[in-house]
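Heads up, input.txt below (compact mmCIF, all heavy atoms):
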```txt
# COMPACT_ATOMS: atom_id res chain seq x y z
N MET A 1 -0.27 112.92 -49.90
CA MET A 1 0.99 112.64 -50.58
C MET A 1 1.82 111.64 -49.77
O MET A 1 2.44 110.75 -50.32
CB MET A 1 1.77 113.94 -50.76
CG MET A 1 2.95 113.78 -51.69
SD MET A 1 3.18 115.29 -52.65
CE MET A 1 4.46 114.76 -53.72
N ARG A 2 1.80 111.79 -48.47
CA ARG A 2 2.56 110.88 -47.62
C ARG A 2 2.04 109.45 -47.76
O ARG A 2 2.81 108.50 -47.81
CB ARG A 2 2.43 111.34 -46.18
CG ARG A 2 3.71 111.14 -45.41
CD ARG A 2 3.56 111.64 -44.00
NE ARG A 2 4.83 112.14 -43.52
CZ ARG A 2 5.01 112.70 -42.35
NH1 ARG A 2 4.00 112.87 -41.56
NH2 ARG A 2 6.19 113.12 -41.98
N ASN A 3 0.72 109.30 -47.82
CA ASN A 3 0.11 107.98 -47.95
C ASN A 3 0.53 107.29 -49.24
O ASN A 3 0.86 106.13 -49.25
CB ASN A 3 -1.42 108.09 -47.92
CG ASN A 3 -1.97 107.76 -46.55
OD1 ASN A 3 -1.24 107.28 -45.69
ND2 ASN A 3 -3.24 108.01 -46.35
N GLN A 4 0.50 108.04 -50.34
CA GLN A 4 0.89 107.46 -51.63
C GLN A 4 2.34 107.00 -51.61
O GLN A 4 2.67 105.95 -52.12
CB GLN A 4 0.69 108.49 -52.75
CG GLN A 4 -0.77 108.72 -53.10
CD GLN A 4 -0.94 109.77 -54.18
OE1 GLN A 4 -0.03 110.58 -54.41
NE2 GLN A 4 -2.08 109.80 -54.81
N ARG A 5 3.18 107.81 -51.01
CA ARG A 5 4.60 107.46 -50.94
C ARG A 5 4.81 106.18 -50.13
O ARG A 5 5.52 105.29 -50.53
CB ARG A 5 5.36 108.62 -50.31
CG ARG A 5 6.83 108.55 -50.57
CD ARG A 5 7.52 109.76 -49.97
NE ARG A 5 8.71 110.08 -50.70
CZ ARG A 5 9.56 111.01 -50.33
NH1 ARG A 5 9.31 111.72 -49.26
NH2 ARG A 5 10.64 111.24 -51.02
N GLY A 6 4.14 106.09 -48.98
CA GLY A 6 4.24 104.90 -48.14
C GLY A 6 3.70 103.67 -48.85
O GLY A 6 4.28 102.61 -48.78
N GLN A 7 2.61 103.85 -49.55
CA GLN A 7 2.00 102.73 -50.26
C GLN A 7 2.93 102.25 -51.38
O GLN A 7 3.11 101.05 -51.55
CB GLN A 7 0.66 103.16 -50.83
CG GLN A 7 -0.18 101.99 -51.28
CD GLN A 7 -1.56 102.44 -51.74
OE1 GLN A 7 -1.82 103.64 -51.83
NE2 GLN A 7 -2.42 101.51 -52.03
N SER A 8 3.52 103.17 -52.13
CA SER A 8 4.39 102.75 -53.22
C SER A 8 5.63 102.05 -52.68
O SER A 8 6.10 101.09 -53.27
CB SER A 8 4.78 103.95 -54.09
OG SER A 8 5.56 104.85 -53.34
N THR A 9 6.14 102.49 -51.51
CA THR A 9 7.28 101.81 -50.89
C THR A 9 6.88 100.40 -50.49
O THR A 9 7.61 99.45 -50.72
CB THR A 9 7.77 102.60 -49.66
OG1 THR A 9 8.09 103.92 -50.07
CG2 THR A 9 8.97 101.96 -49.04
N LEU A 10 5.70 100.27 -49.90
CA LEU A 10 5.20 98.95 -49.49
C LEU A 10 5.04 98.05 -50.70
O LEU A 10 5.44 96.88 -50.68
CB LEU A 10 3.87 99.12 -48.76
CG LEU A 10 3.26 97.83 -48.19
CD1 LEU A 10 4.18 97.25 -47.13
CD2 LEU A 10 1.90 98.13 -47.59
N GLU A 11 4.48 98.58 -51.78
CA GLU A 11 4.31 97.79 -53.00
C GLU A 11 5.66 97.35 -53.55
O GLU A 11 5.82 96.23 -54.00
CB GLU A 11 3.55 98.61 -54.06
CG GLU A 11 2.08 98.78 -53.72
CD GLU A 11 1.40 99.77 -54.65
OE1 GLU A 11 2.07 100.30 -55.57
OE2 GLU A 11 0.21 100.04 -54.43
N TRP A 12 6.65 98.25 -53.50
CA TRP A 12 8.00 97.92 -53.98
C TRP A 12 8.61 96.80 -53.14
O TRP A 12 9.20 95.87 -53.67
CB TRP A 12 8.87 99.18 -53.91
CG TRP A 12 10.22 98.97 -54.53
CD1 TRP A 12 10.54 99.17 -55.84
CD2 TRP A 12 11.42 98.54 -53.88
NE1 TRP A 12 11.88 98.88 -56.03
CE2 TRP A 12 12.44 98.49 -54.85
CE3 TRP A 12 11.73 98.19 -52.56
CZ2 TRP A 12 13.74 98.10 -54.56
CZ3 TRP A 12 13.02 97.80 -52.26
CH2 TRP A 12 14.02 97.76 -53.25
N VAL A 13 8.44 96.89 -51.82
CA VAL A 13 8.98 95.85 -50.92
C VAL A 13 8.31 94.51 -51.20
O VAL A 13 8.98 93.47 -51.27
CB VAL A 13 8.79 96.27 -49.45
CG1 VAL A 13 9.07 95.12 -48.50
CG2 VAL A 13 9.69 97.46 -49.12
N ILE A 14 7.00 94.51 -51.38
CA ILE A 14 6.27 93.27 -51.66
C ILE A 14 6.73 92.69 -53.01
O ILE A 14 7.00 91.50 -53.12
CB ILE A 14 4.75 93.52 -51.66
CG1 ILE A 14 4.28 93.81 -50.22
CG2 ILE A 14 4.00 92.32 -52.23
CD1 ILE A 14 2.86 94.32 -50.13
N GLY A 15 6.87 93.55 -54.01
CA GLY A 15 7.33 93.10 -55.32
C GLY A 15 8.73 92.51 -55.24
O GLY A 15 9.01 91.46 -55.82
N ALA A 16 9.62 93.18 -54.51
CA ALA A 16 10.99 92.68 -54.36
C ALA A 16 10.99 91.34 -53.65
O ALA A 16 11.73 90.43 -54.02
CB ALA A 16 11.83 93.70 -53.59
N ALA A 17 10.15 91.19 -52.63
CA ALA A 17 10.07 89.92 -51.88
C ALA A 17 9.59 88.79 -52.79
O ALA A 17 10.11 87.67 -52.74
CB ALA A 17 9.15 90.08 -50.69
N ILE A 18 8.61 89.08 -53.65
CA ILE A 18 8.09 88.07 -54.56
C ILE A 18 9.18 87.65 -55.56
O ILE A 18 9.40 86.47 -55.80
CB ILE A 18 6.84 88.59 -55.30
CG1 ILE A 18 5.67 88.71 -54.30
CG2 ILE A 18 6.45 87.68 -56.46
CD1 ILE A 18 4.48 89.47 -54.84
N ILE A 19 9.89 88.63 -56.11
CA ILE A 19 10.95 88.34 -57.08
C ILE A 19 12.06 87.52 -56.42
O ILE A 19 12.53 86.52 -56.97
CB ILE A 19 11.49 89.66 -57.68
CG1 ILE A 19 10.43 90.30 -58.58
CG2 ILE A 19 12.78 89.40 -58.45
CD1 ILE A 19 10.71 91.73 -58.96
N LEU A 20 12.49 87.94 -55.22
CA LEU A 20 13.54 87.21 -54.52
C LEU A 20 13.09 85.79 -54.18
O LEU A 20 13.87 84.85 -54.33
CB LEU A 20 13.93 87.95 -53.23
CG LEU A 20 14.83 89.15 -53.43
CD1 LEU A 20 15.02 89.89 -52.10
CD2 LEU A 20 16.20 88.74 -53.97
N GLY A 21 11.85 85.64 -53.75
CA GLY A 21 11.33 84.31 -53.44
C GLY A 21 11.33 83.41 -54.67
O GLY A 21 11.72 82.24 -54.59
N THR A 22 10.92 83.96 -55.80
CA THR A 22 10.92 83.19 -57.05
C THR A 22 12.34 82.78 -57.43
O THR A 22 12.58 81.64 -57.84
CB THR A 22 10.29 84.04 -58.18
OG1 THR A 22 9.01 84.46 -57.75
CG2 THR A 22 10.16 83.24 -59.46
N LEU A 23 13.29 83.70 -57.28
CA LEU A 23 14.69 83.39 -57.57
C LEU A 23 15.20 82.27 -56.68
O LEU A 23 15.87 81.34 -57.16
CB LEU A 23 15.55 84.64 -57.35
CG LEU A 23 15.76 85.54 -58.55
CD1 LEU A 23 16.49 86.81 -58.13
CD2 LEU A 23 16.58 84.83 -59.62
N VAL A 24 14.91 82.35 -55.39
CA VAL A 24 15.38 81.32 -54.45
C VAL A 24 14.81 79.96 -54.83
O VAL A 24 15.52 78.97 -54.85
CB VAL A 24 14.99 81.72 -53.00
CG1 VAL A 24 15.18 80.55 -52.04
CG2 VAL A 24 15.83 82.91 -52.54
N VAL A 25 13.52 79.92 -55.15
CA VAL A 25 12.88 78.66 -55.54
C VAL A 25 13.55 78.11 -56.80
O VAL A 25 13.84 76.91 -56.89
CB VAL A 25 11.37 78.85 -55.74
CG1 VAL A 25 10.74 77.64 -56.42
CG2 VAL A 25 10.69 79.11 -54.40
N GLY A 26 13.82 78.99 -57.76
CA GLY A 26 14.46 78.55 -59.00
C GLY A 26 15.86 78.01 -58.76
O GLY A 26 16.23 76.97 -59.30
N VAL A 27 16.63 78.69 -57.93
CA VAL A 27 18.00 78.23 -57.64
C VAL A 27 17.96 76.90 -56.91
O VAL A 27 18.75 76.00 -57.20
CB VAL A 27 18.75 79.30 -56.81
CG1 VAL A 27 20.04 78.75 -56.23
CG2 VAL A 27 19.04 80.52 -57.68
N MET A 28 17.03 76.74 -55.96
CA MET A 28 16.93 75.48 -55.23
C MET A 28 16.55 74.33 -56.17
O MET A 28 17.12 73.25 -56.09
CB MET A 28 15.90 75.61 -54.10
CG MET A 28 16.43 76.39 -52.91
SD MET A 28 15.17 76.75 -51.69
CE MET A 28 14.75 75.11 -51.13
N ALA A 29 15.62 74.58 -57.08
CA ALA A 29 15.21 73.55 -58.04
C ALA A 29 16.38 73.19 -58.95
O ALA A 29 16.62 72.01 -59.24
CB ALA A 29 14.02 74.04 -58.86
N TRP A 30 17.13 74.19 -59.39
CA TRP A 30 18.29 73.95 -60.26
C TRP A 30 19.34 73.13 -59.52
O TRP A 30 19.92 72.20 -60.07
CB TRP A 30 18.87 75.29 -60.72
CG TRP A 30 19.98 75.16 -61.70
CD1 TRP A 30 19.86 74.92 -63.04
CD2 TRP A 30 21.39 75.28 -61.44
NE1 TRP A 30 21.10 74.87 -63.61
CE2 TRP A 30 22.05 75.09 -62.66
CE3 TRP A 30 22.13 75.52 -60.27
CZ2 TRP A 30 23.44 75.15 -62.75
CZ3 TRP A 30 23.51 75.58 -60.37
CH2 TRP A 30 24.15 75.38 -61.60
N ASN A 31 19.59 73.47 -58.26
CA ASN A 31 20.56 72.72 -57.45
C ASN A 31 20.12 71.28 -57.28
O ASN A 31 20.95 70.37 -57.37
CB ASN A 31 20.73 73.37 -56.07
CG ASN A 31 21.69 74.54 -56.11
OD1 ASN A 31 22.49 74.67 -57.03
ND2 ASN A 31 21.62 75.39 -55.11
N ASN A 32 18.84 71.05 -57.03
CA ASN A 32 18.33 69.69 -56.88
C ASN A 32 18.54 68.90 -58.16
O ASN A 32 18.93 67.74 -58.13
CB ASN A 32 16.85 69.70 -56.49
CG ASN A 32 16.64 70.14 -55.06
OD1 ASN A 32 17.57 70.09 -54.25
ND2 ASN A 32 15.44 70.56 -54.73
N GLY A 33 18.29 69.52 -59.30
CA GLY A 33 18.50 68.86 -60.59
C GLY A 33 19.97 68.54 -60.80
O GLY A 33 20.33 67.47 -61.30
N LEU A 34 20.83 69.46 -60.40
CA LEU A 34 22.27 69.26 -60.53
C LEU A 34 22.74 68.11 -59.65
O LEU A 34 23.51 67.25 -60.10
CB LEU A 34 22.99 70.56 -60.13
CG LEU A 34 24.42 70.74 -60.61
CD1 LEU A 34 24.45 70.77 -62.14
CD2 LEU A 34 24.99 72.04 -60.06
N VAL A 35 22.25 68.04 -58.44
CA VAL A 35 22.61 66.96 -57.52
C VAL A 35 22.17 65.63 -58.11
O VAL A 35 22.91 64.64 -58.06
CB VAL A 35 21.98 67.20 -56.12
CG1 VAL A 35 22.09 65.96 -55.25
CG2 VAL A 35 22.66 68.38 -55.45
N ALA A 36 20.97 65.58 -58.69
CA ALA A 36 20.47 64.35 -59.28
C ALA A 36 21.35 63.93 -60.46
O ALA A 36 21.69 62.74 -60.60
CB ALA A 36 19.02 64.54 -59.74
N LYS A 37 21.76 64.88 -61.30
CA LYS A 37 22.61 64.55 -62.45
C LYS A 37 23.97 64.04 -61.99
O LYS A 37 24.51 63.08 -62.55
CB LYS A 37 22.80 65.79 -63.34
CG LYS A 37 21.59 66.08 -64.19
CD LYS A 37 21.82 67.28 -65.08
CE LYS A 37 20.57 67.60 -65.89
NZ LYS A 37 20.71 68.79 -66.70
N ILE A 38 24.55 64.67 -60.96
CA ILE A 38 25.84 64.23 -60.44
C ILE A 38 25.70 62.81 -59.88
O ILE A 38 26.56 61.96 -60.09
CB ILE A 38 26.37 65.22 -59.38
CG1 ILE A 38 26.77 66.53 -60.06
CG2 ILE A 38 27.54 64.63 -58.61
CD1 ILE A 38 27.09 67.66 -59.10
N GLY A 39 24.60 62.56 -59.18
CA GLY A 39 24.34 61.21 -58.65
C GLY A 39 24.27 60.18 -59.76
O GLY A 39 24.84 59.09 -59.63
N GLN A 40 23.61 60.50 -60.85
CA GLN A 40 23.53 59.57 -61.99
C GLN A 40 24.91 59.32 -62.58
O GLN A 40 25.24 58.19 -62.92
CB GLN A 40 22.59 60.15 -63.06
CG GLN A 40 21.12 60.06 -62.70
CD GLN A 40 20.25 60.75 -63.74
OE1 GLN A 40 20.76 61.35 -64.69
NE2 GLN A 40 18.95 60.69 -63.56
N MET A 41 25.70 60.39 -62.72
CA MET A 41 27.05 60.24 -63.27
C MET A 41 27.89 59.32 -62.38
O MET A 41 28.60 58.45 -62.88
CB MET A 41 27.73 61.61 -63.40
CG MET A 41 27.31 62.39 -64.61
SD MET A 41 27.98 64.07 -64.64
CE MET A 41 29.72 63.78 -64.38
N VAL A 42 27.81 59.51 -61.07
CA VAL A 42 28.57 58.67 -60.14
C VAL A 42 28.13 57.22 -60.26
O VAL A 42 28.97 56.31 -60.26
CB VAL A 42 28.41 59.20 -58.70
CG1 VAL A 42 28.98 58.22 -57.68
CG2 VAL A 42 29.09 60.56 -58.55
N GLN A 43 26.83 56.99 -60.37
CA GLN A 43 26.33 55.62 -60.52
C GLN A 43 26.87 54.99 -61.81
O GLN A 43 27.32 53.84 -61.80
CB GLN A 43 24.80 55.61 -60.57
CG GLN A 43 24.17 55.67 -59.19
CD GLN A 43 22.65 55.60 -59.28
OE1 GLN A 43 22.08 55.79 -60.34
NE2 GLN A 43 22.02 55.35 -58.15
N ARG A 44 26.85 55.73 -62.91
CA ARG A 44 27.34 55.19 -64.18
C ARG A 44 28.84 54.88 -64.07
O ARG A 44 29.28 53.85 -64.57
CB ARG A 44 27.11 56.21 -65.31
CG ARG A 44 25.67 56.26 -65.75
CD ARG A 44 25.48 57.24 -66.90
NE ARG A 44 24.06 57.48 -67.14
CZ ARG A 44 23.58 58.54 -67.76
NH1 ARG A 44 24.40 59.47 -68.20
NH2 ARG A 44 22.29 58.67 -67.96
N LEU A 45 29.60 55.80 -63.46
CA LEU A 45 31.05 55.58 -63.32
C LEU A 45 31.32 54.36 -62.45
O LEU A 45 32.21 53.55 -62.77
CB LEU A 45 31.70 56.81 -62.70
CG LEU A 45 31.86 58.01 -63.65
CD1 LEU A 45 32.33 59.23 -62.86
CD2 LEU A 45 32.87 57.70 -64.76
N SER A 46 30.58 54.18 -61.38
CA SER A 46 30.83 53.04 -60.48
C SER A 46 30.38 51.73 -61.13
O SER A 46 30.94 50.68 -60.84
CB SER A 46 30.11 53.24 -59.15
OG SER A 46 28.73 53.33 -59.34
N GLN A 47 29.42 51.76 -62.04
CA GLN A 47 28.97 50.55 -62.74
C GLN A 47 30.01 50.09 -63.77
O GLN A 47 30.21 48.90 -63.96
CB GLN A 47 27.64 50.79 -63.44
CG GLN A 47 26.45 50.79 -62.49
CD GLN A 47 25.15 51.17 -63.18
OE1 GLN A 47 25.16 51.47 -64.37
NE2 GLN A 47 24.07 51.21 -62.45
N THR A 48 30.68 51.04 -64.42
CA THR A 48 31.63 50.67 -65.48
C THR A 48 32.92 50.10 -64.90
O THR A 48 33.61 49.35 -65.57
CB THR A 48 31.98 51.89 -66.36
OG1 THR A 48 32.46 52.94 -65.52
CG2 THR A 48 30.77 52.37 -67.14
N GLN A 49 33.25 50.42 -63.66
CA GLN A 49 34.50 49.92 -63.08
C GLN A 49 34.38 48.50 -62.58
O GLN A 49 33.38 48.01 -62.21
CB GLN A 49 34.94 50.82 -61.91
CG GLN A 49 35.43 52.15 -62.42
CD GLN A 49 35.81 53.09 -61.27
OE1 GLN A 49 35.54 52.81 -60.13
NE2 GLN A 49 36.45 54.20 -61.61
```
Take the structure in this file and express it as structure tokens.
Amino acid sequence: MRNQRGQSTLEWVIGAAIILGTLVVGVMAWNNGLVAKIGQMVQRLSQTQ
């Protein structure tokens, strides 16, 4: 019984780490896209002036 409990905790920790890692990657990709869009907007604004 102790082994099963330890294993399920380990599986939960691994699953949580995978989910958190995926979230971090998604947020970083979203931020990079946002930075690129802001850069394009600044370029357009500076061209019109």
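The space separating atom C of Thr22 (chain A) from atom C of Leu10 (chain A) comes to 18.2 Å.
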- Message: Report, in Å with one decimal, the straight-line distance from CB of Ala16 (chain A) to CG of Met28 (chain A).
- Response: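 Those two atoms sit 17.9 Å apart.
Atom pair CG of Gln40 (chain A) / CB of Val24 (chain A) has a distance of 24.5 Å (rounded to one decimal).
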